[in-house]
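Trainee: Contents of structure.cif (mmCIF, C-alpha atoms):
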data_target
#
loop_
_atom_site.label_atom_id
_atom_site.label_comp_id
_atom_site.auth_asym_id
_atom_site.auth_seq_id
_atom_site.Cartn_x
_atom_site.Cartn_y
_atom_site.Cartn_z
CA MET I 1 0.00 0.00 0.00
CA ASN I 2 2.99 2.34 -0.45
CA GLY I 3 1.16 4.16 -3.25
CA LEU I 4 -1.98 4.89 -1.20
CA ALA I 5 -2.80 8.60 -0.69
CA PHE I 6 -5.74 10.91 0.07
CA ASP I 7 -6.87 14.18 -1.49
CA THR I 8 -8.41 15.44 1.79
CA PRO I 9 -6.65 13.58 4.61
CA TRP I 10 -8.41 15.65 7.30
CA ALA I 11 -11.64 13.81 6.39
CA LEU I 12 -10.11 10.63 7.83
CA ALA I 13 -11.06 11.96 11.27
CA GLY I 14 -14.53 10.70 10.39
CA LEU I 15 -13.26 7.14 10.90
CA LEU I 16 -14.00 7.66 14.60
CA LEU I 17 -17.69 7.45 13.68
CA ALA I 18 -17.11 3.78 12.82
CA LEU I 19 -17.15 3.11 16.58
CA LEU I 20 -20.81 4.16 16.87
CA PRO I 21 -22.24 0.71 15.96
CA LEU I 22 -20.36 -0.76 18.95
CA TRP I 23 -22.35 1.55 21.21
CA ARG I 24 -25.71 1.30 19.48
CA SER I 25 -26.74 -1.33 16.95
CA GLY I 26 -29.78 0.50 15.61
CA MET I 27 -32.02 -2.53 16.12
CA GLN I 28 -35.24 -2.36 18.14
CA THR I 29 -34.87 -3.61 21.72
CA ALA I 30 -37.40 -4.99 24.20
CA THR I 31 -37.30 -5.19 28.01
CA TYR I 32 -37.81 -8.56 29.70
CA PRO I 33 -37.93 -9.19 33.50
CA TRP I 34 -35.29 -11.92 33.56
CA LEU I 35 -33.26 -13.77 30.86
CA ALA I 36 -31.04 -15.93 33.03
CA MET I 37 -33.24 -18.98 32.48
CA LEU I 38 -32.81 -18.83 28.66
CA PRO I 39 -29.93 -20.83 27.14
CA PRO I 40 -27.19 -18.99 25.21
CA ASP I 41 -28.07 -18.25 21.55
CA PRO I 42 -24.82 -18.24 19.49
CA LEU I 43 -26.66 -17.69 16.20
CA SER I 44 -28.36 -14.53 17.45
CA GLN I 45 -25.07 -13.27 18.86
CA ALA I 46 -23.32 -13.92 15.52
CA VAL I 47 -26.07 -12.10 13.61
CA ALA I 48 -25.87 -9.12 15.96
CA LEU I 49 -22.07 -8.98 15.58
CA THR I 50 -22.34 -9.23 11.79
CA ILE I 51 -24.81 -6.33 11.71
CA ARG I 52 -22.45 -4.17 13.75
CA LEU I 53 -19.49 -5.06 11.51
CA LEU I 54 -21.49 -4.24 8.36
CA ALA I 55 -22.41 -0.86 9.81
CA MET I 56 -18.81 -0.13 10.80
CA THR I 57 -17.54 -1.14 7.36
CA ALA I 58 -20.13 1.05 5.62
CA ILE I 59 -19.02 4.08 7.64
CA VAL I 60 -15.33 3.36 6.90
CA ALA I 61 -16.02 3.02 3.15
CA LEU I 62 -17.98 6.28 3.11
CA VAL I 63 -15.26 8.20 4.95
CA LEU I 64 -12.52 6.83 2.67
CA GLY I 65 -14.54 7.90 -0.36
CA LEU I 66 -15.02 11.41 1.05
CA SER I 67 -11.27 11.64 1.74
CA GLY I 68 -10.48 11.03 -1.94
CA MET I 69 -8.51 7.81 -1.53
CA HIS I 70 -6.33 7.01 -4.56
CA LEU I 71 -3.20 5.20 -5.68
CA ARG I 72 -0.30 7.50 -6.56
CA GLU I 73 1.29 7.50 -10.01
CA GLN I 74 3.92 4.79 -10.16
CA SER I 75 6.40 3.30 -12.62
CA VAL I 76 6.81 -0.43 -13.03
CA GLU I 77 9.77 -2.16 -14.66
CA ARG I 78 8.79 -4.26 -17.67
CA ILE I 79 10.68 -6.56 -20.01
CA GLY I 80 9.67 -6.50 -23.66
CA HIS I 81 11.22 -6.72 -27.11
CA GLY I 82 12.13 -3.51 -28.85
CA ALA I 83 14.66 -0.71 -29.17
CA HIS I 84 15.39 2.97 -28.69
CA ILE I 85 14.78 4.42 -32.16
CA VAL I 86 15.46 7.90 -33.51
CA MET I 87 13.81 8.56 -36.86
CA LEU I 88 15.81 11.12 -38.82
CA LEU I 89 13.63 12.38 -41.69
CA ASP I 90 14.82 14.29 -44.74
CA ARG I 91 12.70 17.44 -45.24
CA SER I 92 14.38 18.78 -48.36
CA SER I 93 12.04 19.96 -51.11
CA SER I 94 12.63 16.85 -53.25
CA MET I 95 10.81 14.75 -50.62
CA ASP I 96 7.57 16.52 -51.62
CA ASN I 97 7.87 15.00 -55.11
CA SER I 98 6.78 11.53 -56.12
CA PHE I 99 9.13 8.64 -56.87
CA ALA I 100 8.77 9.67 -60.51
CA GLY I 101 10.40 13.00 -59.64
CA LYS I 102 7.35 15.20 -60.19
CA ALA I 103 4.64 16.82 -58.11
CA PRO I 104 2.20 14.15 -56.83
CA SER I 105 -1.19 14.07 -58.54
CA GLY I 106 -2.77 10.95 -57.02
CA SER I 107 -4.71 10.75 -53.76
CA ASP I 108 -2.68 10.58 -50.60
CA ASP I 109 -4.25 7.33 -49.46
CA GLY I 110 -3.89 5.55 -52.77
CA ARG I 111 -7.61 5.28 -53.55
CA ASP I 112 -9.70 6.51 -56.44
CA ALA I 113 -12.94 8.52 -56.22
CA GLY I 114 -14.91 5.31 -55.66
CA GLY I 115 -12.74 4.26 -52.71
CA ARG I 116 -10.95 1.49 -54.63
CA ALA I 117 -7.20 1.02 -54.23
CA THR I 118 -5.26 2.09 -57.30
CA GLN I 119 -1.61 1.35 -57.96
CA GLY I 120 -1.25 4.53 -59.99
CA ALA I 121 -2.51 6.68 -57.13
CA VAL I 122 0.00 5.13 -54.74
CA ALA I 123 2.79 5.68 -57.27
CA GLU I 124 1.86 9.37 -57.40
CA GLN I 125 2.16 9.84 -53.64
CA SER I 126 4.94 12.13 -52.53
CA LYS I 127 7.88 10.36 -50.96
CA ALA I 128 7.28 12.27 -47.73
CA GLU I 129 3.63 11.17 -47.58
CA ALA I 130 4.52 7.53 -48.25
CA ALA I 131 7.18 7.70 -45.53
CA ARG I 132 4.72 9.16 -43.01
CA ARG I 133 2.13 6.46 -43.71
CA LEU I 134 4.56 3.54 -43.51
CA LEU I 135 6.42 4.87 -40.48
CA THR I 136 3.09 5.24 -38.66
CA GLU I 137 2.34 1.58 -39.41
CA PHE I 138 5.85 0.70 -38.21
CA VAL I 139 5.25 2.49 -34.90
CA ASP I 140 1.95 0.63 -34.42
CA HIS I 141 3.85 -2.69 -34.51
CA ARG I 142 6.49 -1.58 -31.97
CA ASP I 143 4.68 -1.66 -28.63
CA HIS I 144 7.72 -1.35 -26.36
CA ASP I 145 10.02 0.98 -28.30
CA LEU I 146 11.08 4.42 -27.19
CA ILE I 147 10.90 6.55 -30.34
CA GLY I 148 12.21 10.04 -31.03
CA ILE I 149 11.93 12.11 -34.20
CA ALA I 150 14.22 14.66 -35.80
CA GLU I 151 14.25 16.30 -39.24
CA TYR I 152 16.85 18.05 -41.30
CA SER I 153 17.06 20.21 -44.38
CA THR I 154 19.04 23.44 -44.30
CA SER I 155 19.34 22.95 -40.52
CA PRO I 156 18.35 20.15 -38.14
CA LEU I 157 14.97 20.35 -36.46
CA PHE I 158 14.22 18.76 -33.08
CA VAL I 159 10.68 17.31 -33.27
CA MET I 160 10.18 15.02 -30.26
CA PRO I 161 12.46 13.31 -27.70
CA LEU I 162 12.49 9.58 -27.04
CA THR I 163 9.10 8.58 -25.69
CA GLU I 164 6.74 5.61 -25.41
CA ASN I 165 3.63 7.78 -25.93
CA ARG I 166 2.20 6.42 -29.18
CA GLN I 167 -0.30 9.27 -29.57
CA ALA I 168 2.50 11.83 -29.38
CA ILE I 169 4.62 9.83 -31.86
CA HIS I 170 1.76 9.69 -34.37
CA ALA I 171 1.22 13.43 -34.00
CA ALA I 172 4.93 14.13 -34.50
CA ILE I 173 5.05 12.03 -37.67
CA ALA I 174 1.93 13.76 -38.99
CA ALA I 175 3.52 17.16 -38.25
CA THR I 176 6.24 16.45 -40.84
CA ALA I 177 3.66 17.32 -43.51
CA THR I 178 4.72 20.98 -43.30
CA PRO I 179 6.32 22.40 -46.49
CA ALA I 180 9.92 21.33 -47.01
CA LEU I 181 13.00 23.51 -47.54
CA ALA I 182 15.51 23.53 -50.34
CA TYR I 183 18.77 22.16 -48.99
CA THR I 184 20.15 19.05 -47.30
CA ASN I 185 22.55 19.34 -44.38
CA ILE I 186 22.79 15.73 -43.33
CA SER I 187 25.82 16.03 -41.03
CA LYS I 188 23.99 18.33 -38.59
CA GLY I 189 20.92 16.11 -38.79
CA LEU I 190 22.96 13.03 -37.84
CA ALA I 191 24.61 14.89 -34.97
CA MET I 192 21.22 15.89 -33.58
CA ALA I 193 19.86 12.34 -33.95
CA LEU I 194 22.81 10.95 -31.99
CA SER I 195 22.31 13.55 -29.25
CA PHE I 196 18.95 11.92 -28.44
CA PHE I 197 20.85 9.12 -26.70
CA ASP I 198 22.70 11.42 -24.31
CA ARG I 199 22.03 10.44 -20.69
CA GLN I 200 19.93 7.48 -21.86
CA PRO I 201 20.71 4.05 -20.35
CA VAL I 202 22.41 1.64 -22.74
CA GLN I 203 19.87 -1.18 -22.96
CA GLY I 204 18.34 -3.05 -25.86
CA SER I 205 19.17 -1.69 -29.32
CA ARG I 206 19.96 1.92 -30.11
CA ILE I 207 18.89 2.72 -33.66
CA VAL I 208 19.09 5.70 -35.98
CA LEU I 209 16.67 5.24 -38.88
CA LEU I 210 17.61 7.68 -41.63
CA VAL I 211 14.92 8.24 -44.27
CA SER I 212 16.05 10.39 -47.21
CA ASP I 213 15.97 10.65 -50.97
CA GLY I 214 19.41 12.14 -51.36
CA ALA I 215 22.60 13.13 -49.62
CA ALA I 216 25.20 15.87 -49.50
CA ALA I 217 28.95 15.93 -49.11
CA ILE I 218 30.17 15.95 -45.50
CA ASP I 219 33.26 18.00 -44.72
CA PRO I 220 36.23 16.24 -43.04
CA ASP I 221 35.73 17.94 -39.67
CA SER I 222 32.09 16.83 -39.53
CA GLU I 223 33.09 13.31 -40.56
CA ALA I 224 35.61 13.10 -37.72
CA ALA I 225 33.08 14.38 -35.18
CA LEU I 226 30.41 11.93 -36.39
CA ARG I 227 32.81 8.99 -36.15
CA ILE I 228 33.39 9.80 -32.49
CA LEU I 229 29.68 10.24 -31.78
CA PHE I 230 28.69 6.97 -33.46
CA LYS I 231 31.30 5.11 -31.39
CA GLN I 232 30.27 6.76 -28.14
CA GLN I 233 26.54 6.18 -28.56
CA GLN I 234 26.85 2.52 -29.67
CA VAL I 235 24.08 2.78 -32.23
CA ARG I 236 22.88 0.73 -35.16
CA LEU I 237 22.30 2.68 -38.36
CA TYR I 238 19.67 1.98 -41.00
CA TRP I 239 19.46 4.08 -44.12
CA LEU I 240 16.21 3.92 -46.09
CA PHE I 241 17.09 5.64 -49.37
CA LEU I 242 14.08 6.67 -51.47
CA ARG I 243 15.46 6.64 -55.00
CA THR I 244 13.81 8.77 -57.66
CA ASP I 245 13.38 7.19 -61.10
CA ASN I 246 16.42 7.48 -63.39
CA SER I 247 18.63 8.80 -60.58
CA PRO I 248 21.79 7.03 -59.37
CA GLY I 249 21.34 4.99 -56.23
CA ILE I 250 23.57 4.52 -53.23
CA PHE I 251 25.10 1.40 -54.79
CA ALA I 252 25.80 2.87 -58.25
CA GLN I 253 29.43 3.07 -59.34
CA PRO I 254 30.65 5.99 -61.52
CA ASP I 255 31.17 5.28 -65.21
CA ASP I 256 33.67 8.11 -65.50
CA PRO I 257 36.55 8.18 -62.98
CA ARG I 258 36.25 11.94 -62.91
CA ASP I 259 32.83 11.52 -61.27
CA ASP I 260 34.23 9.41 -58.45
CA ASN I 261 34.00 12.12 -55.79
CA ALA I 262 31.62 13.22 -53.04
CA GLN I 263 30.38 16.24 -54.97
CA ALA I 264 29.30 14.24 -58.03
CA MET I 265 28.01 11.17 -56.18
CA PRO I 266 27.14 12.21 -52.61
CA GLU I 267 24.85 9.19 -51.99
CA LEU I 268 27.58 6.70 -52.84
CA TYR I 269 30.15 8.48 -50.69
CA LEU I 270 27.75 8.78 -47.78
CA HIS I 271 27.11 5.04 -48.06
CA ARG I 272 30.87 4.41 -48.00
CA PHE I 273 31.21 6.70 -44.98
CA PHE I 274 28.53 4.79 -43.08
CA GLY I 275 30.13 1.48 -44.03
CA GLY I 276 33.47 2.67 -42.64
CA LEU I 277 32.10 3.60 -39.21
CA HIS I 278 32.59 0.04 -37.92
CA ILE I 279 29.09 -0.06 -36.48
CA PRO I 280 26.12 -2.27 -37.42
CA TYR I 281 24.85 -0.63 -40.64
CA GLN I 282 22.29 -1.63 -43.24
CA ALA I 283 21.20 0.33 -46.30
CA TYR I 284 17.94 -0.13 -48.21
CA GLU I 285 17.11 1.34 -51.59
CA ALA I 286 13.40 1.81 -52.32
CA GLU I 287 11.96 2.96 -55.66
CA ASN I 288 8.27 2.81 -54.65
CA PRO I 289 6.07 2.53 -51.53
CA GLY I 290 6.02 -1.27 -51.83
CA ALA I 291 9.82 -1.45 -51.57
CA MET I 292 9.67 0.94 -48.63
CA ARG I 293 7.23 -1.34 -46.86
CA LYS I 294 9.51 -4.37 -47.37
CA ALA I 295 12.50 -2.47 -45.97
CA ILE I 296 10.60 -1.23 -42.91
CA ASN I 297 9.21 -4.73 -42.28
CA ASP I 298 12.76 -6.10 -42.44
CA ILE I 299 13.94 -3.57 -39.85
CA ASP I 300 10.96 -4.47 -37.67
CA ARG I 301 11.93 -8.15 -37.88
CA LEU I 302 15.61 -7.59 -37.13
CA GLU I 303 15.22 -5.33 -34.10
CA GLN I 304 13.47 -7.49 -31.50
CA LEU I 305 16.09 -7.71 -28.75
CA PRO I 306 14.97 -7.92 -25.07
CA LEU I 307 14.43 -4.46 -23.64
CA HIS I 308 14.05 -3.35 -20.02
CA TYR I 309 11.84 -0.31 -19.66
CA ARG I 310 9.70 1.40 -17.06
CA GLU I 311 5.98 1.79 -17.69
CA ALA I 312 4.19 4.72 -16.05
CA ILE I 313 0.98 3.79 -14.23
CA PRO I 314 -1.21 6.90 -13.78
CA LYS I 315 -2.99 7.88 -10.57
CA GLN I 316 -5.98 5.63 -9.86
CA ASP I 317 -8.97 7.16 -8.08
CA LEU I 318 -10.48 4.71 -5.55
CA SER I 319 -13.24 6.95 -4.22
CA GLY I 320 -15.77 5.55 -6.67
CA LEU I 321 -14.99 2.03 -5.46
CA CYS I 322 -15.48 3.17 -1.86
CA TYR I 323 -18.85 4.73 -2.67
CA GLY I 324 -19.88 1.53 -4.45
CA TRP I 325 -19.13 -0.58 -1.38
CA THR I 326 -20.94 1.94 0.79
CA GLY I 327 -24.06 1.53 -1.33
CA VAL I 328 -23.87 -2.28 -1.22
CA LEU I 329 -23.42 -2.36 2.57
CA MET I 330 -26.18 0.16 3.14
CA ALA I 331 -28.51 -1.96 1.00
CA LEU I 332 -27.66 -5.03 3.11
CA LEU I 333 -28.32 -3.11 6.32
CA LEU I 334 -31.62 -1.85 4.93
CA GLY I 335 -32.62 -5.42 4.07
CA VAL I 336 -31.77 -6.54 7.60
CA LYS I 337 -33.79 -3.67 9.03
CA LEU I 338 -36.81 -4.63 6.94
CA CYS I 339 -36.57 -8.21 8.25
CA GLU I 340 -36.65 -7.01 11.86
CA ALA I 341 -39.58 -8.32 13.90
CA ARG I 342 -41.86 -5.54 15.07
CA MET I 343 -43.20 -5.45 18.59
CA VAL I 344 -46.93 -4.97 18.89
#
Would it be possible to restate this file's structure as structure tokens?
Mentor:
Amino acid sequence: MNGLAFDTPWALAGLLLALLPLWRSGMQTATYPWLAMLPPDPLSQAVALTIRLLAMTAIVALVLGLSGMHLREQSVERIGHGAHIVMLLDRSSSMDNSFAGKAPSGSDDGRDAGGRATQGAVAEQSKAEAARRLLTEFVDHRDHDLIGIAEYSTSPLFVMPLTENRQAIHAAIAATATPALAYTNISKGLAMALSFFDRQPVQGSRIVLLVSDGAAAIDPDSEAALRILFKQQQVRLYWLFLRTDNSPGIFAQPDDPRDDNAQAMPELYLHRFFGGLHIPYQAYEAENPGAMRKAINDIDRLEQLPLHYREAIPKQDLSGLCYGWTGVLMALLLGVKLCEARMV
């Protein structure tokens, strides 16, 4: 009962009233000249004691209800399967285009005017909209994860810290529908994503899930700083690359040696940089929402390590329960009173 508390503790003084049934039972009495000749009646004595106890319990329940009895908010340690995940979302202007590299013209939910699913409508979704929809589904399958969200374009944007509140996570993902900006500064975005793990206990998997449709060259100083941060935070890195049609992917090799540089092929060089961090790293290349779904499902399958976490249990009001018991006991006492024999 360590979590038991009262909103109005002074009302507990009313518990002294529970002693009243010991003094007066409330039952009708009759005077007889002499009872010594009658044998003891254990059944009658038991009934009388039960009536007194019912009355005392009813008074106690009523007083506890009036005092606002409740259980304090607590946290309980749980063991589940999941991870600490930071979603780092690209908010450059190209994410507002479809996988075909043009402004989306289909419905956002991939359905025609009659409500039927259409492959063409899905193909015309913007990459950002497809990412929001599939990431929301991903969150719904990860009951025990702590999830944080960051964005980046010209500068990094802190959206939401690591949390287990699914309603807040859904709202944060939906909030990424705001208009995007023009540029991609991925080094600052990665640094912000890694900062989410500061002062967080190292337990289960630590994951950075990068969702982007492009990359940018990272200067040597930023590369050196990121190498240190990735080592310190002990994270796993997943890169979900949303490739636009007819654009080079993260695995493409340059045909001309003169193009083998970070300025000409930033996606390839970023992939090489990630591969050289000596951390668990996996890259996925998706050319449509279906490929995105397969990649996200694969990440969901891979990251199911045991995870210790603490679940918050909110305050529980017990006054309603007390009033309920008061009503039940009062009804019993009323029934007993109605069964009482009346003296003529």
Trainee: Which residues are close to I:Leu53, i.e. within 10 Å by all atoms listed in the file, leaving aside same-chain residues fewer than 4 positions away? Reply as a short mmCIF file (atom, residue, chain, number, x, y, z; two decimals) with C-alpha atoms, keeping the file's coordinate frame.
Mentor:
data_model
loop_
_atom_site.label_atom_id
_atom_site.label_comp_id
_atom_site.auth_asym_id
_atom_site.auth_seq_id
_atom_site.Cartn_x
_atom_site.Cartn_y
_atom_site.Cartn_z
CA ALA I 18 -17.11 3.78 12.82
CA LEU I 19 -17.15 3.11 16.58
CA PRO I 21 -22.24 0.71 15.96
CA LEU I 22 -20.36 -0.76 18.95
CA SER I 25 -26.74 -1.33 16.95
CA VAL I 47 -26.07 -12.10 13.61
CA ALA I 48 -25.87 -9.12 15.96
CA LEU I 49 -22.07 -8.98 15.58
CA THR I 57 -17.54 -1.14 7.36
CA ALA I 58 -20.13 1.05 5.62
CA ILE I 59 -19.02 4.08 7.64
#
Trainee: Env of stretch 6-8 of chain I: 12 Å cut, atoms = all atoms listed in the file, seq-sep filter 2 positions within chain, self excluded. Answer as a list in words.
Mentor: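 The contact residues come out as Gly3, Leu4, Trp10, Ala11, Leu12, Ala13, Gly14, Val63, Leu64, Gly65, Leu66, Ser67, Gly68, Met69, His70, Leu71, Arg72, Lys315, Gln316, Asp317, Leu318 and Ser319 of chain I.
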Trainee: Create the file for the chosen residues now, containing C-alpha atoms and written as an mmCIF file, keeping the file's coordinate frame.
Mentor:
data_model
loop_
_atom_site.group_PDB
_atom_site.id
_atom_site.type_symbol
_atom_site.label_atom_id
_atom_site.label_comp_id
_atom_site.auth_asym_id
_atom_site.auth_seq_id
_atom_site.Cartn_x
_atom_site.Cartn_y
_atom_site.Cartn_z
ATOM 1 C CA GLY I 3 1.160 4.160 -3.250
ATOM 2 C CA LEU I 4 -1.980 4.890 -1.200
ATOM 3 C CA TRP I 10 -8.410 15.650 7.300
ATOM 4 C CA ALA I 11 -11.640 13.810 6.390
ATOM 5 C CA LEU I 12 -10.110 10.630 7.830
ATOM 6 C CA ALA I 13 -11.060 11.960 11.270
ATOM 7 C CA GLY I 14 -14.530 10.700 10.390
ATOM 8 C CA VAL I 63 -15.260 8.200 4.950
ATOM 9 C CA LEU I 64 -12.520 6.830 2.670
ATOM 10 C CA GLY I 65 -14.540 7.900 -0.360
ATOM 11 C CA LEU I 66 -15.020 11.410 1.050
ATOM 12 C CA SER I 67 -11.270 11.640 1.740
ATOM 13 C CA GLY I 68 -10.480 11.030 -1.940
ATOM 14 C CA MET I 69 -8.510 7.810 -1.530
ATOM 15 C CA HIS I 70 -6.330 7.010 -4.560
ATOM 16 C CA LEU I 71 -3.200 5.200 -5.680
ATOM 17 C CA ARG I 72 -0.300 7.500 -6.560
ATOM 18 C CA LYS I 315 -2.990 7.880 -10.570
ATOM 19 C CA GLN I 316 -5.980 5.630 -9.860
ATOM 20 C CA ASP I 317 -8.970 7.160 -8.080
ATOM 21 C CA LEU I 318 -10.480 4.710 -5.550
ATOM 22 C CA SER I 319 -13.240 6.950 -4.220
#
Trainee: For I:Asp140, which of I:Asn165, I:Ala331, I:Thr154, I:Glu285 is the closest residue, counting all atoms listed in the file?
Mentor: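 Checking each candidate against I:Asp140, we get I:Asn165 as the closest.
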Trainee: Neighbours of stretch 260-270 of chain I within 8 Å (only C-alpha atoms; same-chain residues fewer than 6 positions away dropped), as a ChimeraX atom specification?
Mentor: /I:214-218,249-254
Trainee: I'd like to know which of I:Glu151, I:Ile51, I:Ala312, I:Ala193 is closest to I:Glu340, using all atoms listed in the file.
Mentor: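 Residue with the minimum atom-to-atom distance to I:Glu340: I:Ile51.
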Trainee: Once the PyMOL selection byres ((chain I and resi 183) around 10) has been applied to the shown file, what residues remain in the selection, as a list of chain:residue names?
Mentor: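 Given this file, the PyMOL selection byres ((chain I and resi 183) around 10) evaluates to I:Asp90, I:Arg91, I:Ser92, I:Ser93, I:Ser94, I:Tyr152, I:Ser153, I:Thr154, I:Ser155, I:Ala180, I:Leu181, I:Ala182, I:Thr184, I:Asn185, I:Ile186, I:Ala215, I:Ala216.
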Trainee: For the point (6.8, 14.5, -40.9) in file coordinates, what residues are within 8 Å, counting all atoms listed in the file? Give the answer as number ranges by chain?
Mentor: I: 89, 91, 128, 132, 151, 172-178
Trainee: Determine, counting all atoms listed in the file, which protein, DNA and RNA residues have an atom within 12 Å of an atom of I:Arg227; residues of the same chain fewer than 6 positions away are not included. Present the result as a PyMOL selection string.
Mentor: chain I and resi 187+190-191+194+218+220-221+233-235+273-279
Trainee: Applied to this file, what does the PyMOL selection byres ((chain I and resi 99) around 9) return in terms of residues, put as a PyMOL selection string?
Mentor: chain I and resi 95+97-98+100-102+104+123-127+242-245+287-289
Trainee: Write out, as a tab-separated table (two decimals), in the frame of the given file, the residues just selected, with C-alpha atoms.
Mentor:
chain	number	residue	atom	x	y	z
I	95	MET	CA	10.81	14.75	-50.62
I	97	ASN	CA	7.87	15.00	-55.11
I	98	SER	CA	6.78	11.53	-56.12
I	100	ALA	CA	8.77	9.67	-60.51
I	101	GLY	CA	10.40	13.00	-59.64
I	102	LYS	CA	7.35	15.20	-60.19
I	104	PRO	CA	2.20	14.15	-56.83
I	123	ALA	CA	2.79	5.68	-57.27
I	124	GLU	CA	1.86	9.37	-57.40
I	125	GLN	CA	2.16	9.84	-53.64
I	126	SER	CA	4.94	12.13	-52.53
I	127	LYS	CA	7.88	10.36	-50.96
I	242	LEU	CA	14.08	6.67	-51.47
I	243	ARG	CA	15.46	6.64	-55.00
I	244	THR	CA	13.81	8.77	-57.66
I	245	ASP	CA	13.38	7.19	-61.10
I	287	GLU	CA	11.96	2.96	-55.66
I	288	ASN	CA	8.27	2.81	-54.65
I	289	PRO	CA	6.07	2.53	-51.53
Trainee: Rounded to one decimal in Å, what is the spacing between atom CA of I:Thr136 and atom CA of I:Ala286?
Mentor: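 Atom-to-atom, atom CA of I:Thr136 and atom CA of I:Ala286 are spaced 17.5 Å apart.
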Trainee: So, counting only C-alpha atoms, which residue among I:His271, I:His144, I:Lys188, I:Arg133 is closest to I:Gly290?
Mentor: I:Arg133
Trainee: Can you turn the PyMOL selection byres ((chain I and resi 163) around 9) into a concrete residue list for this file, as a list in words?
Mentor: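 Checked against the file, the PyMOL selection byres ((chain I and resi 163) around 9) matches His84, Asp145, Leu146, Ile147, Gly148, Met160, Pro161, Leu162, Glu164, Asn165, Arg166, Ala168 and Ile169 of chain I.
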Trainee: Would you export the selected residues with C-alpha atoms as a PDB file, keeping the file's coordinate frame, please?
Mentor:
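The result, stored in part-v3.pdb:
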ATOM      1  CA  HIS I  84      15.390   2.970 -28.690  1.00  0.00           C
ATOM      2  CA  ASP I 145      10.020   0.980 -28.300  1.00  0.00           C
ATOM      3  CA  LEU I 146      11.080   4.420 -27.190  1.00  0.00           C
ATOM      4  CA  ILE I 147      10.900   6.550 -30.340  1.00  0.00           C
ATOM      5  CA  GLY I 148      12.210  10.040 -31.030  1.00  0.00           C
ATOM      6  CA  MET I 160      10.180  15.020 -30.260  1.00  0.00           C
ATOM      7  CA  PRO I 161      12.460  13.310 -27.700  1.00  0.00           C
ATOM      8  CA  LEU I 162      12.490   9.580 -27.040  1.00  0.00           C
ATOM      9  CA  GLU I 164       6.740   5.610 -25.410  1.00  0.00           C
ATOM     10  CA  ASN I 165       3.630   7.780 -25.930  1.00  0.00           C
ATOM     11  CA  ARG I 166       2.200   6.420 -29.180  1.00  0.00           C
ATOM     12  CA  ALA I 168       2.500  11.830 -29.380  1.00  0.00           C
ATOM     13  CA  ILE I 169       4.620   9.830 -31.860  1.00  0.00           C
TER      14      ILE I 169
END
Trainee: Neighbouring residues of I:Leu333 were defined as those with any atom within 9 Å, considering all atoms listed in the file; residues of the same chain fewer than 4 positions away were excluded. Please report them as a VMD selection string.
Mentor: chain I and resid 51 54 to 55 328 to 329 337 to 338
Trainee: Have a look at atom CA of I:Arg199 and atom CA of I:Ala83 and let me know their distance in Å, one decimal.
Mentor: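 About the pair atom CA of I:Arg199 and atom CA of I:Ala83: they are 15.8 Å apart.
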Trainee: Record the distance separating atom CA of I:Val86 and atom CA of I:Ile149, expressed in Å with one decimal.
Mentor: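 Computing it gives 5.5 Å between the two atoms.
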